[in-house]
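Undergrad: Data file query_4.txt (compact mmCIF, C-alpha atoms) is appended below.
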```txt
# COMPACT_ATOMS: atom_id res chain seq x y z
CA MET A 1 52.40 -21.51 11.07
CA ASN A 2 52.66 -24.95 9.40
CA SER A 3 50.18 -26.47 6.96
CA LYS A 4 48.41 -28.57 9.61
CA ALA A 5 47.88 -25.53 11.82
CA LEU A 6 46.58 -23.53 8.82
CA SER A 7 44.18 -26.35 7.98
CA LYS A 8 42.74 -26.29 11.50
CA PHE A 9 42.58 -22.49 11.38
CA ASP A 10 40.59 -22.71 8.13
CA ARG A 11 38.26 -25.41 9.47
CA VAL A 12 37.43 -23.30 12.51
CA LEU A 13 36.61 -20.23 10.42
CA ARG A 14 34.36 -22.28 8.12
CA CYS A 15 32.17 -23.22 11.10
CA PHE A 16 30.91 -19.64 11.37
CA THR A 17 27.95 -19.16 9.05
CA PRO A 18 24.84 -16.95 8.94
CA ALA A 19 22.87 -19.95 10.24
CA GLN A 20 25.25 -20.44 13.17
CA PRO A 21 27.36 -17.32 13.80
CA ARG A 22 28.33 -18.15 17.41
CA TRP A 23 29.86 -21.28 18.94
CA THR A 24 31.20 -22.53 22.26
CA VAL A 25 34.54 -24.31 22.13
CA THR A 26 32.82 -27.53 23.21
CA ASP A 27 30.32 -27.37 20.36
CA ILE A 28 33.01 -26.67 17.77
CA ALA A 29 35.17 -29.49 19.16
CA ARG A 30 32.24 -31.87 18.78
CA HIS A 31 31.46 -30.52 15.30
CA MET A 32 35.09 -30.88 14.17
CA ASP A 33 35.71 -34.13 16.09
CA MET A 34 38.73 -32.59 17.80
CA PRO A 35 39.84 -32.59 21.47
CA VAL A 36 38.67 -29.50 23.36
CA SER A 37 42.15 -28.96 24.79
CA THR A 38 43.69 -28.80 21.30
CA LEU A 39 40.98 -26.58 19.89
CA HIS A 40 41.02 -24.21 22.86
CA GLY A 41 44.63 -23.24 22.16
CA ILE A 42 43.94 -22.68 18.46
CA MET A 43 40.93 -20.50 19.14
CA ALA A 44 42.78 -18.52 21.82
CA ASP A 45 45.40 -17.67 19.19
CA MET A 46 42.65 -16.69 16.74
CA VAL A 47 41.14 -14.36 19.32
CA GLU A 48 44.59 -12.86 19.93
CA MET A 49 44.91 -12.18 16.18
CA ASP A 50 41.34 -10.73 16.04
CA PHE A 51 40.07 -13.41 13.66
CA LEU A 52 37.62 -14.47 16.38
CA SER A 53 35.90 -12.63 19.21
CA PHE A 54 35.06 -14.16 22.58
CA SER A 55 32.30 -13.29 25.06
CA ALA A 56 33.32 -14.00 28.64
CA GLN A 57 29.65 -13.81 29.64
CA SER A 58 28.20 -16.34 27.19
CA LYS A 59 31.45 -18.29 26.65
CA GLU A 60 30.78 -18.10 22.91
CA TYR A 61 33.04 -17.25 20.01
CA GLY A 62 32.11 -15.15 16.99
CA VAL A 63 33.79 -13.69 13.94
CA GLY A 64 36.43 -11.10 14.84
CA PHE A 65 37.13 -7.68 13.39
CA ARG A 66 40.15 -8.83 11.39
CA TYR A 67 38.10 -11.48 9.59
CA MET A 68 35.38 -8.94 8.80
CA GLU A 69 37.96 -6.40 7.70
CA MET A 70 39.53 -8.85 5.25
CA GLY A 71 36.12 -9.79 3.85
CA ALA A 72 35.19 -6.15 3.32
CA LEU A 73 38.58 -5.46 1.73
CA HIS A 74 38.08 -8.32 -0.73
CA ALA A 75 34.52 -7.26 -1.57
CA ASN A 76 35.54 -3.64 -2.16
CA ASN A 77 38.49 -4.57 -4.38
CA PHE A 78 37.05 -7.55 -6.27
CA GLU A 79 37.00 -6.39 -9.90
CA LEU A 80 33.85 -8.33 -10.79
CA ASN A 81 31.96 -6.61 -7.94
CA ASN A 82 33.03 -3.21 -9.22
CA ILE A 83 31.79 -4.09 -12.71
CA ALA A 84 28.48 -5.56 -11.54
CA VAL A 85 27.36 -3.38 -8.64
CA GLY A 86 25.93 -0.49 -10.70
CA ILE A 87 23.91 -2.91 -12.84
CA MET A 88 22.73 -4.69 -9.69
CA HIS A 89 21.54 -1.39 -8.18
CA GLU A 90 19.49 -0.69 -11.32
CA LEU A 91 17.98 -4.17 -11.13
CA VAL A 92 17.05 -3.80 -7.46
CA PHE A 93 15.45 -0.41 -8.20
CA ARG A 94 13.29 -2.02 -10.90
CA LEU A 95 12.38 -5.22 -9.04
CA ASP A 96 12.52 -4.31 -5.34
CA TYR A 97 14.14 -7.66 -4.46
CA LEU A 98 17.54 -8.41 -2.97
CA VAL A 99 20.06 -9.19 -5.72
CA GLY A 100 23.31 -11.06 -5.10
CA LEU A 101 26.41 -11.93 -7.10
CA SER A 102 27.77 -15.43 -6.42
CA VAL A 103 31.06 -17.04 -7.41
CA MET A 104 32.16 -20.66 -7.05
CA TYR A 105 35.47 -21.67 -5.49
CA LYS A 106 36.41 -25.30 -4.94
CA GLY A 107 32.76 -26.32 -5.13
CA TRP A 108 31.54 -23.77 -2.60
CA MET A 109 29.41 -20.78 -3.51
CA TYR A 110 30.48 -17.41 -2.12
CA VAL A 111 28.28 -14.34 -2.22
CA SER A 112 30.74 -11.66 -3.28
CA THR A 113 28.33 -8.74 -2.99
CA THR A 114 24.64 -7.99 -2.50
CA VAL A 115 22.34 -5.03 -3.06
CA LEU A 116 19.31 -4.66 -0.79
CA PRO A 117 15.95 -3.13 -1.71
CA LEU A 118 14.93 0.01 0.15
CA ARG A 119 12.11 -1.83 1.91
CA SER A 120 14.50 -4.43 3.34
CA THR A 121 14.55 -4.74 7.12
CA ARG A 122 17.93 -6.46 7.10
CA GLY A 123 20.62 -4.42 8.80
CA LEU A 124 23.61 -5.70 6.80
CA LYS A 125 24.38 -6.96 3.33
CA TYR A 126 25.31 -10.62 3.30
CA ILE A 127 28.77 -11.41 1.95
CA GLY A 128 30.65 -14.65 2.45
CA PRO A 129 30.46 -18.45 2.11
CA ARG A 130 27.01 -19.71 1.34
CA LEU A 131 26.35 -23.30 0.26
CA PRO A 132 27.77 -26.11 -1.86
CA ALA A 133 26.99 -25.29 -5.48
CA HIS A 134 24.39 -28.03 -5.93
CA MET A 135 22.36 -26.62 -3.03
CA SER A 136 21.87 -23.10 -4.44
CA ALA A 137 20.33 -21.49 -7.53
CA GLY A 138 23.55 -19.62 -8.26
CA GLY A 139 25.59 -22.79 -7.98
CA MET A 140 23.30 -24.72 -10.30
CA ALA A 141 23.43 -21.88 -12.83
CA ILE A 142 27.23 -22.15 -12.83
CA LEU A 143 27.34 -25.96 -12.82
CA SER A 144 25.00 -26.02 -15.83
CA ARG A 145 27.69 -24.25 -17.86
CA LEU A 146 30.56 -26.54 -16.90
CA SER A 147 31.67 -29.52 -18.96
CA ASP A 148 30.38 -32.98 -18.05
CA GLU A 149 33.86 -33.88 -16.81
CA LEU A 150 33.98 -30.91 -14.41
CA VAL A 151 30.49 -31.69 -13.13
CA ARG A 152 31.55 -35.30 -12.44
CA ARG A 153 34.65 -34.00 -10.69
CA TYR A 154 32.47 -31.68 -8.61
CA CYS A 155 30.26 -34.58 -7.51
CA GLY A 156 33.40 -36.43 -6.39
CA LEU A 157 34.57 -33.75 -3.98
CA ASP A 158 34.94 -34.66 -0.31
CA TRP A 159 31.48 -33.51 0.78
CA GLU A 160 31.46 -36.19 3.48
CA GLY A 161 34.43 -34.48 5.13
CA ALA A 162 32.50 -31.22 4.93
CA MET A 163 29.47 -32.92 6.54
CA ILE A 164 27.42 -32.30 3.37
CA PRO A 165 25.55 -35.14 1.59
CA PRO A 166 27.47 -35.87 -1.63
CA PRO A 167 25.45 -35.04 -4.76
CA ARG A 168 24.60 -37.84 -7.17
CA LEU A 169 25.27 -36.98 -10.81
CA GLU A 170 22.10 -38.69 -12.01
CA GLU A 171 20.05 -36.56 -9.61
CA LEU A 172 21.60 -33.34 -10.93
CA GLU A 173 21.42 -34.07 -14.65
CA GLY A 174 17.75 -33.14 -15.10
CA ALA A 175 18.05 -29.83 -13.27
CA LEU A 176 21.30 -28.95 -15.06
CA GLU A 177 19.78 -29.73 -18.46
CA ALA A 178 16.77 -27.52 -17.64
CA ALA A 179 19.10 -24.70 -16.57
CA ARG A 180 20.99 -24.99 -19.87
CA ARG A 181 17.78 -25.06 -21.90
CA TYR A 182 16.04 -22.13 -20.22
CA GLY A 183 19.12 -20.07 -19.31
CA TYR A 184 18.41 -19.88 -15.58
CA ALA A 185 18.38 -22.03 -12.46
CA ARG A 186 15.99 -21.87 -9.53
CA SER A 187 15.82 -23.01 -5.92
CA ARG A 188 12.85 -23.27 -3.59
CA SER A 189 14.18 -22.97 -0.01
CA GLY A 190 11.13 -22.90 2.25
CA ALA A 191 8.70 -21.92 -0.49
CA PRO A 192 5.94 -24.23 -1.78
CA SER A 193 7.31 -26.77 -4.25
CA GLU A 194 5.94 -25.00 -7.36
CA ILE A 195 7.24 -21.53 -6.39
CA PRO A 196 10.96 -20.64 -6.63
CA ALA A 197 12.53 -18.63 -3.83
CA ASN A 198 15.61 -17.69 -5.86
CA ILE A 199 16.40 -17.35 -9.58
CA ALA A 200 19.96 -17.28 -10.95
CA VAL A 201 21.46 -16.58 -14.36
CA PRO A 202 25.12 -17.28 -15.25
CA VAL A 203 27.64 -14.52 -16.01
CA PHE A 204 30.39 -15.13 -18.59
CA GLY A 205 33.91 -13.81 -19.02
CA ARG A 206 36.10 -12.80 -21.95
CA ASN A 207 36.78 -16.33 -23.18
CA GLY A 208 33.19 -17.49 -22.81
CA GLN A 209 33.81 -19.28 -19.51
CA VAL A 210 31.24 -18.99 -16.74
CA ILE A 211 32.60 -16.77 -13.95
CA ALA A 212 29.65 -16.04 -11.66
CA ALA A 213 25.88 -16.04 -11.26
CA ILE A 214 23.56 -13.13 -10.54
CA VAL A 215 20.69 -14.10 -8.25
CA ILE A 216 17.30 -12.63 -7.32
CA VAL A 217 16.55 -13.59 -3.72
CA GLY A 218 12.86 -13.87 -2.87
CA HIS A 219 11.08 -14.17 0.44
CA ASP A 220 10.33 -17.33 2.41
CA GLU A 221 7.00 -17.61 0.61
CA GLY A 222 8.74 -17.52 -2.77
CA LEU A 223 8.76 -15.18 -5.74
CA PRO A 224 5.35 -14.24 -7.21
CA ALA A 225 4.35 -16.62 -10.01
CA GLU A 226 2.68 -13.84 -12.00
CA LYS A 227 5.97 -11.92 -12.16
CA PHE A 228 8.23 -14.88 -12.85
CA ASP A 229 8.75 -14.32 -16.60
CA TYR A 230 9.37 -10.61 -16.01
CA LEU A 231 11.93 -11.34 -13.28
CA VAL A 232 13.78 -13.84 -15.48
CA GLU A 233 13.80 -11.35 -18.38
CA LYS A 234 15.26 -8.52 -16.30
CA LEU A 235 17.75 -10.79 -14.55
CA THR A 236 18.93 -12.21 -17.88
CA PHE A 237 19.34 -8.73 -19.34
CA SER A 238 21.46 -7.68 -16.33
CA ALA A 239 23.57 -10.85 -16.52
CA ASN A 240 24.24 -10.23 -20.22
CA GLU A 241 25.22 -6.63 -19.51
CA ILE A 242 27.67 -7.71 -16.80
CA SER A 243 29.06 -10.38 -19.14
CA MET A 244 29.63 -7.84 -21.90
CA ARG A 245 31.40 -5.49 -19.50
CA CYS A 246 33.61 -8.43 -18.54
CA GLY A 247 34.63 -8.76 -22.21
CA HIS A 248 32.16 -11.48 -23.27
CA ILE A 249 30.93 -10.90 -26.81
CA SER A 250 29.74 -14.18 -28.34
CA GLN A 251 26.24 -15.32 -27.46
CA ALA A 252 27.36 -18.91 -28.05
CA HIS A 253 28.45 -19.64 -24.51
CA SER A 254 31.38 -22.01 -24.43
CA TYR A 255 31.80 -24.66 -21.78
CA VAL A 256 34.91 -24.95 -19.61
```
Could you show the structure in this file as structure tokens?

TA:
Amino acid sequence: MNSKALSKFDRVLRCFTPAQPRWTVTDIARHMDMPVSTLHGIMADMVEMDFLSFSAQSKEYGVGFRYMEMGALHANNFELNNIAVGIMHELVFRLDYLVGLSVMYKGWMYVSTTVLPLRSTRGLKYIGPRLPAHMSAGGMAILSRLSDELVRRYCGLDWEGAMIPPPRLEELEGALEAARRYGYARSRSGAPSEIPANIAVPVFGRNGQVIAAIVIVGHDEGLPAEKFDYLVEKLTFSANEISMRCGHISQAHSYV
């Protein structure tokens, strides 16, 4: 398979998200601005290799067993997950909120593992690609610990090609400075403007570089304001514990 074919393969897989897990070939062709005839052959091959599934009844494609198998294999063998998961379970037990561990790769945030509270009605843990970093609490927590040069480079990524509005550095600077000052980042999702839906704290590695973010995920109505300081305290303690287990000793976090 040549590089052009691999690029198309990758673009197809990136279309499948929690928000839109199923597509018809026509809809994907329109989304990718690609001829249906070309895309149909690619997706037929992906079905043959079990990276996609196809419903003859609905004419829709979904993620195949091979793709899910590879994701589970990565999650189960990702060293950072193995270090963090016990601490995350303790945090969920104390707080009764979903807790996730997010990493950034080429500007995109990936949820590498999650731990659900016992009261959760969700059937499955969410693992996989999430959002561009500037559109998530975990991403902003990580961006706040990068150098100014790396943040500028992030803002210059090809978000237009990814159909994502490009972030403006001047619009991020205030939020990034607040995240540095307070040690956490927050996002609101569908919650009222004064109530955060998610809180994230950065995790550091052996050389002081930021390697991940641990995130408390609230409900649509947001996290309770009266518990906010307590949630930040417990989340920060857990992030520090993960960092120390990753070899981070100095409290003077260096920037990469």

Undergrad: Which distance in Å separates atom CA of Cys15 of chain A and atom CA of Leu176 of chain A, to one decimal?

TA: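 It comes out at 28.9 Å.
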
Undergrad: Kindly give the distance, in Å, that separates atom CA of Val92 of chain A and atom CA of Lys234 of chain A, rounded to a single decimal.

TA: 10.2 Å

Undergrad: Please measure the separation of atom CA of Ser3 of chain A and atom CA of Arg152 of chain A, giving the value in Å to one decimal.

TA: 28.3 Å

Undergrad: Skipping near chain neighbours, those fewer than 3 positions away, what residues fall within 9 Å of Leu13 of chain A using all atoms listed in the file, listed as a ChimeraX atom specification?

TA: /A:8-10,16-17,51-52,63,67

Undergrad: Determine the nearest neighbour of Trp108 of chain A from the options A:Ala179, A:Ala5, A:Arg14, A:Asp50, counting all atoms listed in the file.

TA: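 Using all atoms listed in the file, the shortest distance to Trp108 of chain A belongs to A:Arg14.
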
Undergrad: Which of these, A:Thr113, A:Ile142, A:Gly218, A:Ser55, has the shortest distance to Glu79 of chain A once you count all atoms listed in the file?

TA: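 Going through A:Thr113, A:Ile142, A:Gly218, A:Ser55 one by one, the smallest distance to Glu79 of chain A is for A:Thr113.
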
Undergrad: Which is closest to Arg66 of chain A among A:Val85, A:Met46, A:Val201, A:Leu80, if we use all atoms listed in the file?

TA: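 Between A:Val85, A:Met46, A:Val201, A:Leu80, the residue approaching Arg66 of chain A most closely is A:Met46.
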